[in-house]
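Listing of coords-v9.csv; format and content: CSV, N, CA and C atoms.
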```csv
chain,number,residue,atom,x,y,z
T,1,GLN,N,0.8,-1.2,0.0
T,1,GLN,CA,0.0,0.0,0.0
T,1,GLN,C,0.9,1.2,0.0
T,2,VAL,N,0.6,2.1,-0.9
T,2,VAL,CA,1.4,3.4,-1.0
T,2,VAL,C,0.6,4.5,-0.4
T,3,HIS,N,1.2,5.3,0.4
T,3,HIS,CA,0.6,6.5,1.0
T,3,HIS,C,1.4,7.7,0.5
T,4,LEU,N,0.6,8.7,-0.1
T,4,LEU,CA,1.2,9.9,-0.7
T,4,LEU,C,0.9,11.1,0.2
T,5,VAL,N,1.9,11.8,0.6
T,5,VAL,CA,1.8,13.0,1.5
T,5,VAL,C,2.3,14.2,0.7
T,6,GLU,N,1.4,15.2,0.5
T,6,GLU,CA,1.7,16.4,-0.2
T,6,GLU,C,1.9,17.6,0.7
T,7,SER,N,2.7,18.5,0.2
T,7,SER,CA,2.9,19.8,0.9
T,7,SER,C,3.2,20.9,-0.1
T,8,GLY,N,3.1,22.1,0.3
T,8,GLY,CA,3.5,23.2,-0.5
T,8,GLY,C,2.5,24.1,-1.1
T,9,GLY,N,1.2,23.8,-0.9
T,9,GLY,CA,0.2,24.7,-1.4
T,9,GLY,C,0.1,26.0,-0.6
T,10,GLY,N,-0.8,26.9,-1.1
T,10,GLY,CA,-1.0,28.1,-0.4
T,10,GLY,C,-1.6,29.2,-1.3
T,11,LEU,N,-1.5,30.4,-0.8
T,11,LEU,CA,-2.0,31.6,-1.5
T,11,LEU,C,-0.8,32.4,-2.2
T,12,VAL,N,-1.0,32.7,-3.4
T,12,VAL,CA,0.1,33.4,-4.1
T,12,VAL,C,-0.6,34.4,-5.1
T,13,GLN,N,0.1,35.5,-5.3
T,13,GLN,CA,-0.4,36.5,-6.3
T,13,GLN,C,-0.2,36.1,-7.7
T,14,PRO,N,-1.0,36.5,-8.6
T,14,PRO,CA,-0.7,36.2,-10.1
T,14,PRO,C,0.7,36.6,-10.5
T,15,GLY,N,1.3,35.7,-11.2
T,15,GLY,CA,2.7,35.9,-11.6
T,15,GLY,C,3.7,35.3,-10.7
T,16,GLY,N,3.2,34.9,-9.5
T,16,GLY,CA,4.1,34.3,-8.5
T,16,GLY,C,4.4,32.8,-8.8
T,17,SER,N,5.1,32.2,-7.8
T,17,SER,CA,5.6,30.8,-7.9
T,17,SER,C,5.3,30.1,-6.7
T,18,LEU,N,5.1,28.8,-6.8
T,18,LEU,CA,4.9,27.8,-5.7
T,18,LEU,C,5.6,26.5,-6.1
T,19,ARG,N,6.0,25.8,-5.1
T,19,ARG,CA,6.5,24.4,-5.4
T,19,ARG,C,5.8,23.4,-4.5
T,20,LEU,N,5.2,22.5,-5.2
T,20,LEU,CA,4.5,21.4,-4.5
T,20,LEU,C,5.4,20.2,-4.3
T,21,SER,N,5.3,19.5,-3.2
T,21,SER,CA,6.1,18.3,-3.0
T,21,SER,C,5.2,17.2,-2.6
T,22,CYS,N,5.6,15.9,-2.9
T,22,CYS,CA,4.8,14.8,-2.6
T,22,CYS,C,5.8,13.6,-2.3
T,23,GLU,N,5.6,13.0,-1.1
T,23,GLU,CA,6.4,11.9,-0.7
T,23,GLU,C,5.6,10.6,-0.8
T,24,ALA,N,6.2,9.6,-1.4
T,24,ALA,CA,5.5,8.3,-1.4
T,24,ALA,C,6.1,7.4,-0.3
T,25,ARG,N,5.2,6.9,0.5
T,25,ARG,CA,5.6,6.0,1.6
T,25,ARG,C,5.0,4.6,1.4
T,26,GLY,N,5.8,3.6,1.6
T,26,GLY,CA,5.3,2.2,1.5
T,26,GLY,C,5.1,1.8,0.1
T,27,GLY,N,5.5,0.6,-0.2
T,27,GLY,CA,5.2,0.0,-1.5
T,27,GLY,C,5.8,0.7,-2.7
T,28,ILE,N,6.9,1.5,-2.4
T,28,ILE,CA,7.4,2.4,-3.5
T,28,ILE,C,7.9,1.7,-4.7
T,29,PHE,N,8.4,0.4,-4.5
T,29,PHE,CA,8.9,-0.3,-5.7
T,29,PHE,C,7.9,-0.7,-6.7
T,30,SER,N,6.6,-0.6,-6.3
T,30,SER,CA,5.5,-0.9,-7.2
T,30,SER,C,5.2,0.3,-8.1
T,31,ILE,N,5.7,1.5,-7.9
T,31,ILE,CA,5.3,2.7,-8.6
T,31,ILE,C,6.0,2.9,-9.9
T,32,ASP,N,5.3,3.1,-11.0
T,32,ASP,CA,5.8,3.5,-12.3
T,32,ASP,C,5.8,5.0,-12.4
T,33,ALA,N,4.7,5.6,-12.8
T,33,ALA,CA,4.6,7.0,-13.0
T,33,ALA,C,4.1,7.7,-11.8
T,34,MET,N,4.5,8.9,-11.6
T,34,MET,CA,4.0,9.8,-10.6
T,34,MET,C,3.6,11.2,-11.2
T,35,GLY,N,2.7,11.8,-10.7
T,35,GLY,CA,2.3,13.1,-11.3
T,35,GLY,C,1.4,13.9,-10.4
T,36,TRP,N,0.8,14.9,-11.0
T,36,TRP,CA,-0.1,15.9,-10.3
T,36,TRP,C,-1.3,16.1,-11.2
T,37,TYR,N,-2.4,16.1,-10.5
T,37,TYR,CA,-3.7,16.4,-11.1
T,37,TYR,C,-4.3,17.6,-10.3
T,38,ARG,N,-5.3,18.3,-10.8
T,38,ARG,CA,-5.9,19.3,-10.1
T,38,ARG,C,-7.4,19.3,-10.4
T,39,GLN,N,-8.2,19.9,-9.4
T,39,GLN,CA,-9.6,20.0,-9.6
T,39,GLN,C,-10.1,21.3,-9.0
T,40,ALA,N,-10.6,22.1,-9.9
T,40,ALA,CA,-11.2,23.4,-9.6
T,40,ALA,C,-12.7,23.2,-9.2
T,41,PRO,N,-13.2,24.1,-8.5
T,41,PRO,CA,-14.7,24.0,-8.1
T,41,PRO,C,-15.5,23.9,-9.3
T,42,GLY,N,-16.4,22.9,-9.4
T,42,GLY,CA,-17.4,22.7,-10.5
T,42,GLY,C,-16.8,22.1,-11.7
T,43,LYS,N,-15.5,21.7,-11.6
T,43,LYS,CA,-14.8,21.1,-12.8
T,43,LYS,C,-14.3,19.7,-12.5
T,44,GLN,N,-14.1,19.0,-13.5
T,44,GLN,CA,-13.5,17.6,-13.4
T,44,GLN,C,-12.0,17.7,-13.1
T,45,ARG,N,-11.6,16.6,-12.4
T,45,ARG,CA,-10.1,16.5,-12.1
T,45,ARG,C,-9.4,16.4,-13.4
T,46,GLU,N,-8.3,17.1,-13.6
T,46,GLU,CA,-7.5,17.0,-14.8
T,46,GLU,C,-6.0,16.8,-14.6
T,47,LEU,N,-5.4,16.2,-15.5
T,47,LEU,CA,-3.9,16.0,-15.4
T,47,LEU,C,-3.2,17.4,-15.6
T,48,VAL,N,-2.2,17.6,-14.7
T,48,VAL,CA,-1.4,18.8,-14.8
T,48,VAL,C,0.0,18.3,-15.4
T,49,ALA,N,0.6,17.4,-14.8
T,49,ALA,CA,1.9,16.9,-15.2
T,49,ALA,C,2.2,15.5,-14.7
T,50,ARG,N,2.9,14.8,-15.5
T,50,ARG,CA,3.2,13.4,-15.1
T,50,ARG,C,4.5,13.0,-15.6
T,51,MET,N,5.2,12.1,-14.8
T,51,MET,CA,6.5,11.6,-15.2
T,51,MET,C,6.6,10.1,-14.9
T,52,THR,N,7.0,9.4,-15.9
T,52,THR,CA,7.2,7.9,-15.7
T,52,THR,C,8.5,7.6,-15.0
T,53,SER,N,8.7,6.4,-14.6
T,53,SER,CA,9.9,6.0,-13.9
T,53,SER,C,11.1,6.1,-14.9
T,54,GLY,N,10.8,6.1,-16.2
T,54,GLY,CA,11.9,6.3,-17.2
T,54,GLY,C,12.2,7.7,-17.5
T,55,GLY,N,11.5,8.6,-16.9
T,55,GLY,CA,11.7,10.0,-17.1
T,55,GLY,C,10.9,10.7,-18.2
T,56,ILE,N,10.0,10.0,-18.8
T,56,ILE,CA,9.1,10.6,-19.8
T,56,ILE,C,8.1,11.5,-19.1
T,57,THR,N,7.9,12.7,-19.6
T,57,THR,CA,7.0,13.7,-19.0
T,57,THR,C,5.9,14.0,-20.0
T,58,ASN,N,4.8,14.4,-19.5
T,58,ASN,CA,3.8,15.1,-20.3
T,58,ASN,C,3.0,16.1,-19.4
T,59,TYR,N,2.6,17.2,-20.0
T,59,TYR,CA,2.0,18.3,-19.4
T,59,TYR,C,0.7,18.7,-20.0
T,60,ALA,N,-0.2,19.2,-19.2
T,60,ALA,CA,-1.4,19.8,-19.8
T,60,ALA,C,-0.9,21.1,-20.6
T,61,ASP,N,-1.6,21.3,-21.7
T,61,ASP,CA,-1.3,22.4,-22.6
T,61,ASP,C,-1.3,23.7,-21.8
T,62,SER,N,-2.2,23.8,-20.8
T,62,SER,CA,-2.4,25.1,-20.1
T,62,SER,C,-1.2,25.4,-19.2
T,63,VAL,N,-0.4,24.5,-18.9
T,63,VAL,CA,0.7,24.7,-18.0
T,63,VAL,C,2.1,24.6,-18.6
T,64,GLN,N,2.1,24.1,-19.9
T,64,GLN,CA,3.3,23.9,-20.6
T,64,GLN,C,4.2,25.2,-20.6
T,65,GLY,N,5.4,25.0,-20.2
T,65,GLY,CA,6.3,26.2,-20.2
T,65,GLY,C,6.3,27.0,-18.9
T,66,ARG,N,5.3,26.7,-18.1
T,66,ARG,CA,5.2,27.4,-16.8
T,66,ARG,C,5.5,26.5,-15.6
T,67,PHE,N,5.1,25.2,-15.7
T,67,PHE,CA,5.2,24.3,-14.7
T,67,PHE,C,6.3,23.2,-15.1
T,68,THR,N,7.0,22.7,-14.1
T,68,THR,CA,8.0,21.7,-14.3
T,68,THR,C,7.9,20.6,-13.2
T,69,ILE,N,7.7,19.4,-13.7
T,69,ILE,CA,7.7,18.2,-12.8
T,69,ILE,C,9.1,17.6,-12.7
T,70,SER,N,9.4,17.1,-11.5
T,70,SER,CA,10.7,16.4,-11.3
T,70,SER,C,10.5,15.4,-10.2
T,71,ARG,N,11.4,14.4,-10.3
T,71,ARG,CA,11.3,13.3,-9.3
T,71,ARG,C,12.7,13.1,-8.7
T,72,ASP,N,12.7,12.7,-7.4
T,72,ASP,CA,13.9,12.3,-6.7
T,72,ASP,C,13.7,10.9,-6.3
T,73,ASN,N,14.1,9.9,-7.1
T,73,ASN,CA,13.7,8.5,-6.8
T,73,ASN,C,14.4,8.0,-5.5
T,74,ALA,N,15.6,8.6,-5.2
T,74,ALA,CA,16.3,8.2,-4.0
T,74,ALA,C,15.5,8.6,-2.7
T,75,LYS,N,14.7,9.7,-2.8
T,75,LYS,CA,13.9,10.2,-1.7
T,75,LYS,C,12.4,9.8,-1.8
T,76,ASN,N,12.1,9.2,-2.9
T,76,ASN,CA,10.7,8.8,-3.2
T,76,ASN,C,9.8,10.1,-3.2
T,77,MET,N,10.3,11.1,-3.9
T,77,MET,CA,9.6,12.4,-3.9
T,77,MET,C,9.3,12.8,-5.4
T,78,VAL,N,8.2,13.5,-5.5
T,78,VAL,CA,7.9,14.1,-6.8
T,78,VAL,C,7.6,15.6,-6.5
T,79,TYR,N,8.0,16.5,-7.4
T,79,TYR,CA,7.8,17.9,-7.2
T,79,TYR,C,7.1,18.5,-8.4
T,80,LEU,N,6.4,19.6,-8.1
T,80,LEU,CA,5.8,20.4,-9.2
T,80,LEU,C,6.2,21.9,-8.9
T,81,GLN,N,7.1,22.4,-9.8
T,81,GLN,CA,7.5,23.8,-9.7
T,81,GLN,C,6.5,24.6,-10.6
T,82,MET,N,5.8,25.5,-10.0
T,82,MET,CA,4.8,26.3,-10.7
T,82,MET,C,5.2,27.7,-10.8
T,83,ASN,N,5.5,28.2,-12.0
T,83,ASN,CA,5.9,29.6,-12.2
T,83,ASN,C,4.8,30.4,-13.0
T,84,ARG,N,4.9,31.7,-12.9
T,84,ARG,CA,3.9,32.6,-13.6
T,84,ARG,C,2.5,32.1,-13.4
T,85,LEU,N,2.2,31.9,-12.2
T,85,LEU,CA,0.8,31.4,-11.8
T,85,LEU,C,-0.3,32.4,-12.2
T,86,LYS,N,-1.4,31.8,-12.6
T,86,LYS,CA,-2.6,32.6,-13.1
T,86,LYS,C,-3.7,32.2,-12.2
T,87,PRO,N,-4.7,33.1,-12.1
T,87,PRO,CA,-5.9,32.8,-11.3
T,87,PRO,C,-6.6,31.5,-11.7
T,88,GLU,N,-6.5,31.2,-13.0
T,88,GLU,CA,-7.2,30.0,-13.5
T,88,GLU,C,-6.4,28.7,-13.0
T,89,ASP,N,-5.2,28.9,-12.4
T,89,ASP,CA,-4.5,27.7,-11.8
T,89,ASP,C,-5.1,27.4,-10.4
T,90,THR,N,-5.9,28.2,-9.9
T,90,THR,CA,-6.5,27.9,-8.6
T,90,THR,C,-7.3,26.6,-8.6
T,91,ALA,N,-6.9,25.7,-7.7
T,91,ALA,CA,-7.5,24.4,-7.6
T,91,ALA,C,-6.9,23.6,-6.4
T,92,VAL,N,-7.5,22.5,-6.1
T,92,VAL,CA,-6.9,21.5,-5.3
T,92,VAL,C,-6.0,20.6,-6.1
T,93,TYR,N,-4.8,20.5,-5.7
T,93,TYR,CA,-3.8,19.7,-6.5
T,93,TYR,C,-3.6,18.4,-5.7
T,94,TYR,N,-3.6,17.3,-6.5
T,94,TYR,CA,-3.5,16.0,-6.0
T,94,TYR,C,-2.3,15.3,-6.5
T,95,CYS,N,-1.5,14.7,-5.7
T,95,CYS,CA,-0.4,13.8,-6.1
T,95,CYS,C,-1.0,12.5,-6.5
T,96,ASN,N,-0.4,11.9,-7.5
T,96,ASN,CA,-0.9,10.6,-8.0
T,96,ASN,C,0.3,9.7,-8.3
T,97,ALA,N,0.1,8.4,-8.0
T,97,ALA,CA,1.1,7.4,-8.3
T,97,ALA,C,0.4,6.2,-9.0
T,98,SER,N,1.0,5.8,-10.1
T,98,SER,CA,0.5,4.7,-10.9
T,98,SER,C,1.4,3.5,-10.7
T,99,PRO,N,0.9,2.4,-10.3
T,99,PRO,CA,1.7,1.2,-10.1
T,99,PRO,C,2.0,0.5,-11.4
T,100,TYR,N,3.0,-0.3,-11.5
T,100,TYR,CA,3.3,-1.1,-12.7
T,100,TYR,C,2.1,-2.1,-13.0
T,101,SER,N,1.5,-2.6,-11.9
T,101,SER,CA,0.4,-3.6,-12.2
T,101,SER,C,-0.9,-2.8,-12.2
T,102,PRO,N,-1.9,-3.3,-12.9
T,102,PRO,CA,-3.1,-2.5,-13.1
T,102,PRO,C,-4.0,-2.7,-11.9
T,103,THR,N,-3.6,-2.3,-10.7
T,103,THR,CA,-4.3,-2.5,-9.5
T,103,THR,C,-5.0,-1.2,-9.1
T,104,GLY,N,-4.8,-0.1,-9.8
T,104,GLY,CA,-5.5,1.1,-9.5
T,104,GLY,C,-4.5,2.1,-8.9
T,105,ASP,N,-4.7,3.4,-9.2
T,105,ASP,CA,-3.8,4.5,-8.8
T,105,ASP,C,-3.9,4.8,-7.4
T,106,TYR,N,-2.9,5.4,-6.8
T,106,TYR,CA,-2.9,6.0,-5.5
T,106,TYR,C,-3.0,7.5,-5.6
T,107,TRP,N,-3.7,8.1,-4.5
T,107,TRP,CA,-3.9,9.5,-4.5
T,107,TRP,C,-3.5,10.1,-3.2
T,108,GLY,N,-3.0,11.3,-3.2
T,108,GLY,CA,-2.8,12.1,-2.0
T,108,GLY,C,-4.1,12.7,-1.5
T,109,GLN,N,-4.0,13.4,-0.4
T,109,GLN,CA,-5.2,14.0,0.2
T,109,GLN,C,-5.6,15.4,-0.5
T,110,GLY,N,-4.6,15.9,-1.3
T,110,GLY,CA,-4.9,17.2,-2.0
T,110,GLY,C,-4.3,18.4,-1.2
T,111,THR,N,-3.8,19.4,-1.9
T,111,THR,CA,-3.4,20.6,-1.3
T,111,THR,C,-3.9,21.8,-2.1
T,112,GLN,N,-4.4,22.8,-1.4
T,112,GLN,CA,-5.1,23.9,-2.1
T,112,GLN,C,-4.0,24.9,-2.6
T,113,VAL,N,-4.2,25.3,-3.8
T,113,VAL,CA,-3.4,26.4,-4.4
T,113,VAL,C,-4.4,27.5,-4.9
T,114,THR,N,-4.2,28.7,-4.3
T,114,THR,CA,-5.1,29.8,-4.7
T,114,THR,C,-4.2,30.9,-5.2
T,115,VAL,N,-4.6,31.4,-6.5
T,115,VAL,CA,-3.8,32.4,-7.1
T,115,VAL,C,-4.8,33.6,-7.2
T,116,SER,N,-4.5,34.6,-6.4
T,116,SER,CA,-5.4,35.8,-6.3
T,116,SER,C,-4.6,37.0,-5.8
T,117,ALA,N,-5.0,38.2,-6.3
T,117,ALA,CA,-4.4,39.4,-5.9
T,117,ALA,C,-5.1,39.9,-4.6
```
Would you write the structure of this file as structure tokens?
Amino acid sequence: QVHLVESGGGLVQPGGSLRLSCEARGGIFSIDAMGWYRQAPGKQRELVARMTSGGITNYADSVQGRFTISRDNAKNMVYLQMNRLKPEDTAVYYCNASPYSPTGDYWGQGTQVTVSA
């Protein structure tokens, strides 16, 4: 069983930056991809950024060039550096881990990111 613990959300002004962190605990050798999703009020959860164990990344078009995902496999961590934040980036951000076997993804509890003047 994998437990994901997120940190780093908060309130930031438009144009500012935040860094989200997520630590995977337990069952870490079963994890292939890790990433970040977000859900704004009244909207569906959407992919923000994802990185496979082999280092392949993909980003939502809306964050391409502004957000950067990275992993530290030695520390079982995944990070999301968010720059040039916009009000439309406001959402609850969830850490996600996909195992090699099709047993279902793991999710963190979510961290709020609010971009407002």
Give me the residues near His3 (chain T) as an NGL selection string, where near means some atom within 7 Å (using only C-alpha atoms) and where sequence neighbours in that chain fewer than 4 positions away do not count. :T and (24-26)
Identify, on the basis of only C-alpha atoms, every residue whose closest approach to Phe67 (chain T) does not exceed 9 Å; exclude the query and any residue fewer than 4 positions from it along the same chain; express the result as a list in words.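 After dropping sequence-adjacent residues, the list is Val48, Ala49, Tyr59, Val63, Leu80, Gln81, Met82, Asn83, Arg84 and Leu85 of chain T.
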Between atom C of Ser53 (chain T) and atom N of Ser30 (chain T), measure the distance and give it in Å to one decimal.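 It comes out at 11.8 Å.
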For each of T:Val113, T:Arg45, T:Asp89, T:Met51, take the minimum atom-to-atom distance to Arg71 (chain T), counting only N, CA and C atoms, then give the residue where this is smallest. T:Met51
Every residue of region 29-106 of chain T that DSSP places in strand (DSSP E), as a PyMOL selection string: chain T and resi 31-39+46-51+57-59+67-72+77-82+91-99+106
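Across the model, the gap from atom C of Pro99 (chain T) to atom C of Leu18 (chain T) is 26.8 Å.
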If you run DSSP on this backbone, which residues of chain T come out as helix (DSSP H, G or I), and could you give them as JSON, numbers by chain? {"T": [28, 29, 30, 87, 88, 89]}
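The two atoms in question, atom N of Leu11 (chain T) and atom C of Gly65 (chain T), are spaced 20.0 Å apart.
Considering the residues T:Gly104, T:Gly110, T:Gly55, T:Pro14 and counting all atoms listed in the file, Ala91 (chain T) has its shortest atom-to-atom contact with T:Gly110.
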Using only N, CA and C atoms, which residues sit within 7 Å of Thr52 (chain T) once same-chain residues fewer than 5 positions away are excluded, as an MDAnalysis selection string? chainID T and resid 32:34 57:58
Quick one: of T:Asn76, T:Thr103, T:Thr68, T:Thr111, who's nearest to Glu6 (chain T), counting only N, CA and C atoms? T:Thr111
Neighbouring residues of Tyr94 (chain T) were defined as those with any atom within 6 Å, considering all atoms listed in the file; residues of the same chain fewer than 2 positions away were excluded. Please report them as a PyMOL selection string. chain T and resi 35-38+92+96+108-111
Between T:Tyr106, T:Glu46, T:Ser62, T:Glu23, which residue has the minimum interatomic distance to Lys86 (chain T), considering only C-alpha atoms? T:Ser62
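Taking all atoms listed in the file into account, Val12 (chain T) lies nearest to T:Ala117 out of the set T:Ala97, T:Ile56, T:Ala40, T:Ala117.
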